>>> print(open('run.json').read())   # JSON, C-alpha atoms
[["chain", "number", "residue", "atom", "x", "y", "z"],
["E", 151, "MET", "CA", -5.23, -20.40, 20.35],
["E", 152, "PRO", "CA", -6.54, -23.54, 18.62],
["E", 153, "PHE", "CA", -4.65, -25.38, 15.90],
["E", 154, "LEU", "CA", -5.36, -24.27, 12.36],
["E", 155, "THR", "CA", -6.51, -27.82, 11.65],
["E", 156, "ASP", "CA", -7.71, -30.76, 13.68],
["E", 157, "LYS", "CA", -4.86, -32.90, 12.26],
["E", 158, "PRO", "CA", -1.69, -31.67, 14.03],
["E", 159, "ALA", "CA", 0.32, -34.78, 13.08],
["E", 160, "ALA", "CA", -0.32, -34.16, 9.38],
["E", 161, "ILE", "CA", 0.75, -30.55, 9.75],
["E", 162, "LEU", "CA", 3.95, -31.55, 11.53],
["E", 163, "LEU", "CA", 4.79, -34.03, 8.76],
["E", 164, "GLU", "CA", 4.02, -31.44, 6.09],
["E", 165, "PHE", "CA", 6.12, -28.86, 7.96],
["E", 166, "ALA", "CA", 9.03, -31.28, 8.32],
["E", 167, "HIS", "CA", 8.87, -32.10, 4.62],
["E", 168, "ALA", "CA", 8.72, -28.40, 3.68],
["E", 169, "SER", "CA", 11.59, -27.58, 6.06],
["E", 170, "LYS", "CA", 13.75, -30.26, 4.42],
["E", 171, "LEU", "CA", 12.93, -28.90, 0.95],
["E", 172, "VAL", "CA", 13.74, -25.33, 2.03],
["E", 173, "HIS", "CA", 17.03, -26.54, 3.55],
["E", 174, "ASN", "CA", 17.87, -28.35, 0.30],
["E", 175, "PHE", "CA", 16.91, -25.25, -1.69],
["E", 176, "ARG", "CA", 19.25, -23.05, 0.39],
["E", 177, "THR", "CA", 22.07, -25.63, 0.21],
["E", 178, "GLN", "CA", 21.79, -25.83, -3.58],
["E", 179, "ARG", "CA", 21.77, -22.03, -3.85],
["E", 180, "LYS", "CA", 25.00, -21.82, -1.82],
["E", 181, "LYS", "CA", 26.68, -24.39, -4.06],
["E", 182, "GLY", "CA", 25.72, -22.39, -7.14],
["E", 183, "SER", "CA", 23.52, -25.07, -8.70],
["E", 184, "ALA", "CA", 20.20, -24.36, -10.33],
["E", 185, "PRO", "CA", 17.53, -23.29, -7.84],
["E", 186, "ALA", "CA", 15.13, -25.97, -6.68],
["E", 187, "MET", "CA", 11.41, -25.34, -6.81],
["E", 188, "LEU", "CA", 9.69, -24.96, -3.46],
["E", 189, "PRO", "CA", 6.78, -27.33, -2.96],
["E", 190, "SER", "CA", 3.20, -26.38, -3.60],
["E", 191, "PHE", "CA", 0.67, -27.86, -1.23],
["E", 192, "SER", "CA", -2.64, -29.29, -2.32],
["E", 193, "SER", "CA", -4.56, -27.45, 0.36],
["E", 194, "LYS", "CA", -4.26, -23.93, 1.67],
["E", 195, "LEU", "CA", -4.03, -23.11, 5.35],
["E", 196, "LYS", "CA", -7.32, -21.89, 6.73],
["E", 197, "LEU", "CA", -6.21, -18.63, 8.33],
["E", 198, "SER", "CA", -8.31, -15.80, 9.61],
["E", 199, "PHE", "CA", -7.22, -12.44, 10.93],
["E", 200, "ASP", "CA", -7.00, -12.19, 14.71],
["E", 201, "THR", "CA", -5.24, -9.05, 15.94],
["E", 202, "VAL", "CA", -2.38, -6.60, 15.67],
["E", 203, "PHE", "CA", -0.45, -6.04, 18.89],
["E", 204, "TYR", "CA", 2.35, -3.97, 20.33],
["E", 205, "TYR", "CA", 4.38, -4.70, 23.44],
["E", 206, "VAL", "CA", 4.29, -1.76, 25.85],
["E", 207, "THR", "CA", 6.30, -0.92, 28.96],
["E", 208, "ASP", "CA", 3.71, 1.24, 30.77],
["E", 209, "MET", "CA", 0.14, 0.07, 30.22],
["E", 210, "ASP", "CA", -1.51, 3.12, 31.82],
["E", 211, "VAL", "CA", 0.47, 5.58, 29.69],
["E", 212, "SER", "CA", -0.22, 3.52, 26.56],
["E", 213, "ILE", "CA", -3.95, 3.25, 27.29],
["E", 214, "ALA", "CA", -4.13, 7.01, 27.74],
["E", 215, "PHE", "CA", -2.31, 7.55, 24.44],
["E", 216, "TYR", "CA", -4.40, 5.16, 22.33],
["E", 217, "ARG", "CA", -7.76, 5.85, 24.02],
["E", 218, "ASP", "CA", -7.57, 9.50, 25.02],
["E", 219, "THR", "CA", -5.10, 11.00, 22.56],
["E", 220, "LEU", "CA", -5.87, 8.97, 19.43],
["E", 221, "GLY", "CA", -9.50, 8.31, 20.36],
["E", 222, "LEU", "CA", -9.56, 4.54, 19.77],
["E", 223, "PRO", "CA", -12.52, 2.78, 21.41],
["E", 224, "LEU", "CA", -11.42, 0.64, 24.37],
["E", 225, "VAL", "CA", -13.00, -2.83, 24.18],
["E", 226, "SER", "CA", -11.51, -4.56, 27.22],
["E", 227, "HIS", "CA", -8.67, -4.41, 29.70],
["E", 228, "ASP", "CA", -7.36, -7.35, 31.67],
["E", 229, "TYR", "CA", -3.77, -8.53, 31.29],
["E", 230, "VAL", "CA", -3.98, -7.25, 27.68],
["E", 231, "THR", "CA", -5.75, -4.07, 26.60],
["E", 232, "ARG", "CA", -7.91, -4.26, 23.48],
["E", 233, "PHE", "CA", -9.17, -1.56, 21.15],
["E", 234, "ASP", "CA", -11.45, -2.03, 18.16],
["E", 235, "LEU", "CA", -10.99, 0.14, 15.09],
["E", 236, "ASP", "CA", -13.37, -0.63, 12.23],
["E", 237, "GLY", "CA", -13.47, -4.31, 13.17],
["E", 238, "VAL", "CA", -9.70, -4.65, 13.61],
["E", 239, "LEU", "CA", -8.62, -5.70, 17.09],
["E", 240, "ILE", "CA", -5.57, -3.77, 18.31],
["E", 241, "GLU", "CA", -3.96, -5.13, 21.49],
["E", 242, "LEU", "CA", -1.43, -3.68, 23.88],
["E", 243, "VAL", "CA", 0.54, -6.42, 25.63],
["E", 244, "PRO", "CA", 2.72, -5.73, 28.66],
["E", 245, "LEU", "CA", 6.39, -6.41, 28.01],
["E", 246, "PRO", "CA", 7.51, -8.95, 30.62],
["E", 247, "PRO", "CA", 10.01, -7.46, 33.11],
["E", 248, "GLY", "CA", 13.59, -7.85, 31.96],
["E", 249, "SER", "CA", 12.51, -8.66, 28.40],
["E", 250, "VAL", "CA", 13.68, -6.93, 25.29],
["E", 251, "VAL", "CA", 11.67, -6.99, 22.10],
["E", 252, "PRO", "CA", 14.02, -8.55, 19.53],
["E", 253, "GLY", "CA", 15.02, -6.47, 16.50],
["E", 254, "ASN", "CA", 13.65, -3.11, 15.57],
["E", 255, "GLY", "CA", 10.63, -4.53, 13.77],
["E", 256, "ASN", "CA", 9.20, -3.37, 10.50],
["E", 257, "ALA", "CA", 5.47, -3.64, 11.12],
["E", 258, "ARG", "CA", 3.41, -0.63, 12.01],
["E", 259, "LEU", "CA", -0.20, 0.36, 12.43],
["E", 260, "CYS", "CA", -1.36, 2.53, 9.57],
["E", 261, "PHE", "CA", -4.46, 4.69, 10.00],
["E", 262, "SER", "CA", -6.35, 5.92, 6.95],
["E", 263, "VAL", "CA", -7.43, 9.56, 7.15],
["E", 264, "ALA", "CA", -9.52, 11.72, 4.81],
["E", 265, "ASN", "CA", -7.33, 14.82, 5.18],
["E", 266, "LEU", "CA", -3.74, 14.26, 6.28],
["E", 267, "GLN", "CA", -2.83, 17.93, 6.77],
["E", 268, "GLU", "CA", -5.87, 18.52, 9.00],
["E", 269, "THR", "CA", -5.16, 15.36, 11.02],
["E", 270, "LEU", "CA", -1.52, 16.40, 11.53],
["E", 271, "GLU", "CA", -2.64, 19.81, 12.80],
["E", 272, "GLN", "CA", -4.96, 18.07, 15.29],
["E", 273, "MET", "CA", -2.16, 15.76, 16.41],
["E", 274, "HIS", "CA", 0.29, 18.66, 16.86],
["E", 275, "ALA", "CA", -2.35, 20.45, 18.96],
["E", 276, "ARG", "CA", -2.42, 17.32, 21.18],
["E", 277, "GLY", "CA", 1.36, 17.41, 21.58],
["E", 278, "ILE", "CA", 2.17, 14.55, 19.20],
["E", 279, "ALA", "CA", 5.27, 15.08, 17.07],
["E", 280, "THR", "CA", 5.00, 13.81, 13.49],
["E", 281, "SER", "CA", 7.18, 13.54, 10.45],
["E", 282, "ASP", "CA", 6.67, 15.82, 7.50],
["E", 283, "ILE", "CA", 4.21, 14.69, 4.85],
["E", 284, "LYS", "CA", 5.74, 12.37, 2.30],
["E", 285, "ASN", "CA", 4.12, 12.21, -1.13],
["E", 286, "LYS", "CA", 3.81, 8.74, -2.61],
["E", 287, "LYS", "CA", 2.38, 7.48, -5.89],
["E", 288, "ARG", "CA", -0.98, 6.46, -4.42],
["E", 289, "GLY", "CA", -1.27, 9.03, -1.63],
["E", 290, "LYS", "CA", 0.47, 10.87, 1.20],
["E", 291, "LEU", "CA", 1.75, 9.65, 4.54],
["E", 292, "ALA", "CA", 3.28, 10.83, 7.79],
["E", 293, "PHE", "CA", 4.68, 8.96, 10.78],
["E", 294, "PHE", "CA", 4.51, 9.37, 14.56],
["E", 295, "HIS", "CA", 5.39, 7.27, 17.63],
["E", 296, "ASP", "CA", 3.52, 5.97, 20.65],
["E", 297, "PRO", "CA", 4.99, 6.30, 24.18],
["E", 298, "ASP", "CA", 7.08, 3.12, 23.66],
["E", 299, "GLY", "CA", 8.55, 4.34, 20.39],
["E", 300, "ASN", "CA", 6.40, 2.09, 18.17],
["E", 301, "GLU", "CA", 6.07, 3.77, 14.79],
["E", 302, "LEU", "CA", 2.56, 4.47, 13.54],
["E", 303, "CYS", "CA", 1.50, 5.86, 10.20],
["E", 304, "LEU", "CA", -1.21, 8.13, 8.85],
["E", 305, "TRP", "CA", -2.17, 7.58, 5.20],
["E", 306, "GLU", "CA", -4.32, 9.69, 2.90],
["E", 307, "TYR", "CA", -5.23, 7.93, -0.34],
["E", 308, "ALA", "CA", -4.81, 9.94, -3.53],
["E", 309, "LYS", "CA", -8.06, 11.13, -5.01],
["E", 310, "VAL", "CA", -8.97, 9.08, -8.07],
["E", 311, "GLU", "CA", -10.73, 11.10, -10.74],
["E", 312, "ASP", "CA", -11.99, 8.25, -12.88],
["E", 313, "ALA", "CA", -13.56, 4.92, -11.91],
["E", 314, "ARG", "CA", -11.63, 3.31, -14.78],
["E", 315, "GLU", "CA", -8.41, 4.08, -12.86],
["E", 316, "ILE", "CA", -9.73, 2.14, -9.87],
["E", 317, "VAL", "CA", -10.53, -0.88, -12.04],
["E", 318, "LYS", "CA", -7.15, -0.64, -13.81],
["E", 319, "SER", "CA", -5.34, -0.48, -10.46],
["E", 320, "ALA", "CA", -7.31, -3.46, -9.12],
["E", 321, "LEU", "CA", -6.49, -5.52, -12.22],
["E", 322, "LEU", "CA", -2.78, -4.70, -11.92],
["E", 323, "HIS", "CA", -2.60, -5.59, -8.21],
["E", 324, "GLY", "CA", -5.33, -8.15, -7.87]]
>>> encode(input="run.json", output="structure tokens")
Amino acid sequence: MPFLTDKPAAILLEFAHASKLVHNFRTQRKKGSAPAMLPSFSSKLKLSFDTVFYYVTDMDVSIAFYRDTLGLPLVSHDYVTRFDLDGVLIELVPLPPGSVVPGNGNARLCFSVANLQETLEQMHARGIATSDIKNKKRGKLAFFHDPDGNELCLWEYAKVEDAREIVKSALLHG
């Protein structure tokens, strides 16, 4: 993966400066003094989305689950297996032998569906256990797990009756 900029030395200096400021900020917070302001940088990092990936212990079982059970289009399979869903690259990466993925993680893939109840019925028919539907302010969701125990989510957006509500929501969150 290439550097985010062609000036790695400048990034290292900026990172070192920011690290020192964060350390000072934490030290001051522990001493009870007024919080220091974190620095703002004159330029933003030029980031672009690459992929979402999960470590898996059995690549063949995981490919079957994501391709055959969930129906994701397989893009390529070498050391890593890649699926494309609406332009988002989803990768399955083999967990190196003897490795343990640190922590329990809090990221998950979330699939948008038009009808959550119908999708859950289809998943149950395929032998996939799911949580009950949970109603949220902006929609409904349910969870399920892949063969390695990675949590995945299904989300149905609430139906918006009025275009003004969409604009209002965008203004509040945008």
>>> closest_residue(input="run.json", among="E:Leu224, E:Ala308, E:Leu322, E:Val238", to="Lys287 of chain E", atoms="all atoms listed in the file")
E:Ala308
>>> closest_residue(input="run.json", among="E:Lys309, E:Leu270, E:Asp296, E:Lys194", to="Arg217 of chain E", atoms="all atoms listed in the file")
E:Asp296
>>> atom_distance(input="run.json", atom1="atom CA of Tyr229 of chain E", atom2="atom CA of Cys260 of chain E")
24.5 Å
>>> closest_residue(input="run.json", among="E:Leu220, E:Ile278, E:Val211, E:Leu242", to="Phe261 of chain E", atoms="all atoms listed in the file")
E:Leu220
>>> closest_residue(input="run.json", among="E:Ser262, E:Asn285, E:Gln267, E:Ala275", to="Cys303 of chain E", atoms="all atoms listed in the file")
E:Ser262
>>> atom_distance(input="run.json", atom1="atom CA of Val202 of chain E", atom2="atom CA of Ile240 of chain E")
5.0 Å
>>> residues_around(input="run.json", residues="Lys290 of chain E", least_positions_apart="2", cutoff="9 Å", atoms="only C-alpha atoms", output="number ranges by chain")
E: 266, 283-288, 292, 304-308
>>> atom_distance(input="run.json", atom1="atom CA of Ala257 of chain E", atom2="atom CA of Asp298 of chain E")
14.3 Å
>>> closest_residue(input="run.json", among="E:Leu197, E:Ala279, E:Leu291, E:Val243", to="Met209 of chain E", atoms="all atoms listed in the file")
E:Val243
>>> closest_residue(input="run.json", among="E:Val250, E:His295, E:Met273, E:Leu302", to="Asp218 of chain E", atoms="only C-alpha atoms")
E:Met273
>>> residues_around(input="run.json", residues="Leu239 of chain E", least_positions_apart="2", cutoff="12 Å", atoms="only C-alpha atoms", output="PyMOL selection string")
chain E and resi 199-204+222-226+230-237+241-242+259
>>> decode(input="run.json", residues="segment 256-314 of chain E", atoms="C-alpha atoms", output="PDB file, in the first residue's frame")
ATOM      1  CA  ASN E 256     -16.687  -3.625  17.425  1.00  0.00           C
ATOM      2  CA  ALA E 257     -16.829  -3.298  13.651  1.00  0.00           C
ATOM      3  CA  ARG E 258     -19.301  -5.257  11.607  1.00  0.00           C
ATOM      4  CA  LEU E 259     -20.588  -5.461   8.076  1.00  0.00           C
ATOM      5  CA  CYS E 260     -24.072  -4.049   7.808  1.00  0.00           C
ATOM      6  CA  PHE E 261     -26.247  -4.978   4.832  1.00  0.00           C
ATOM      7  CA  SER E 262     -29.167  -2.768   3.854  1.00  0.00           C
ATOM      8  CA  VAL E 263     -32.339  -4.669   2.973  1.00  0.00           C
ATOM      9  CA  ALA E 264     -35.722  -3.509   1.672  1.00  0.00           C
ATOM     10  CA  ASN E 265     -37.753  -5.874   3.871  1.00  0.00           C
ATOM     11  CA  LEU E 266     -36.071  -7.148   7.027  1.00  0.00           C
ATOM     12  CA  GLN E 267     -38.751  -9.675   7.988  1.00  0.00           C
ATOM     13  CA  GLU E 268     -38.679 -11.265   4.520  1.00  0.00           C
ATOM     14  CA  THR E 269     -34.867 -11.381   4.518  1.00  0.00           C
ATOM     15  CA  LEU E 270     -34.820 -13.034   7.958  1.00  0.00           C
ATOM     16  CA  GLU E 271     -37.263 -15.689   6.758  1.00  0.00           C
ATOM     17  CA  GLN E 272     -34.966 -16.390   3.776  1.00  0.00           C
ATOM     18  CA  MET E 273     -31.941 -16.601   6.070  1.00  0.00           C
ATOM     19  CA  HIS E 274     -33.710 -18.963   8.483  1.00  0.00           C
ATOM     20  CA  ALA E 275     -34.640 -21.170   5.508  1.00  0.00           C
ATOM     21  CA  ARG E 276     -30.895 -21.321   4.694  1.00  0.00           C
ATOM     22  CA  GLY E 277     -30.075 -22.397   8.247  1.00  0.00           C
ATOM     23  CA  ILE E 278     -28.718 -19.053   9.466  1.00  0.00           C
ATOM     24  CA  ALA E 279     -29.668 -18.157  13.034  1.00  0.00           C
ATOM     25  CA  THR E 280     -30.452 -14.477  13.603  1.00  0.00           C
ATOM     26  CA  SER E 281     -31.355 -12.222  16.464  1.00  0.00           C
ATOM     27  CA  ASP E 282     -34.861 -10.906  16.861  1.00  0.00           C
ATOM     28  CA  ILE E 283     -35.694  -7.667  15.091  1.00  0.00           C
ATOM     29  CA  LYS E 284     -34.738  -4.604  17.083  1.00  0.00           C
ATOM     30  CA  ASN E 285     -36.635  -1.384  16.375  1.00  0.00           C
ATOM     31  CA  LYS E 286     -34.508   1.742  16.247  1.00  0.00           C
ATOM     32  CA  LYS E 287     -35.362   5.386  15.629  1.00  0.00           C
ATOM     33  CA  ARG E 288     -34.368   5.337  11.955  1.00  0.00           C
ATOM     34  CA  GLY E 289     -35.187   1.715  11.117  1.00  0.00           C
ATOM     35  CA  LYS E 290     -34.997  -1.919  12.181  1.00  0.00           C
ATOM     36  CA  LEU E 291     -32.049  -4.263  12.496  1.00  0.00           C
ATOM     37  CA  ALA E 292     -31.122  -7.863  13.225  1.00  0.00           C
ATOM     38  CA  PHE E 293     -27.778  -9.590  13.708  1.00  0.00           C
ATOM     39  CA  PHE E 294     -26.255 -12.900  12.601  1.00  0.00           C
ATOM     40  CA  HIS E 295     -22.774 -14.470  12.550  1.00  0.00           C
ATOM     41  CA  ASP E 296     -20.495 -15.923   9.907  1.00  0.00           C
ATOM     42  CA  PRO E 297     -18.730 -19.287  10.447  1.00  0.00           C
ATOM     43  CA  ASP E 298     -15.923 -17.558  12.416  1.00  0.00           C
ATOM     44  CA  GLY E 299     -18.334 -15.773  14.733  1.00  0.00           C
ATOM     45  CA  ASN E 300     -17.946 -12.344  13.093  1.00  0.00           C
ATOM     46  CA  GLU E 301     -21.127 -10.388  13.724  1.00  0.00           C
ATOM     47  CA  LEU E 302     -22.995  -9.083  10.696  1.00  0.00           C
ATOM     48  CA  CYS E 303     -26.047  -6.867  10.599  1.00  0.00           C
ATOM     49  CA  LEU E 304     -29.141  -6.464   8.459  1.00  0.00           C
ATOM     50  CA  TRP E 305     -30.688  -2.987   8.432  1.00  0.00           C
ATOM     51  CA  GLU E 306     -34.027  -1.810   7.058  1.00  0.00           C
ATOM     52  CA  TYR E 307     -34.340   1.969   6.901  1.00  0.00           C
ATOM     53  CA  ALA E 308     -37.565   3.453   8.234  1.00  0.00           C
ATOM     54  CA  LYS E 309     -39.908   4.647   5.539  1.00  0.00           C
ATOM     55  CA  VAL E 310     -39.889   8.436   5.315  1.00  0.00           C
ATOM     56  CA  GLU E 311     -43.260   9.881   4.416  1.00  0.00           C
ATOM     57  CA  ASP E 312     -42.165  13.403   3.575  1.00  0.00           C
ATOM     58  CA  ALA E 313     -39.157  14.666   1.616  1.00  0.00           C
ATOM     59  CA  ARG E 314     -38.893  17.536   4.117  1.00  0.00           C
TER      60      ARG E 314
END
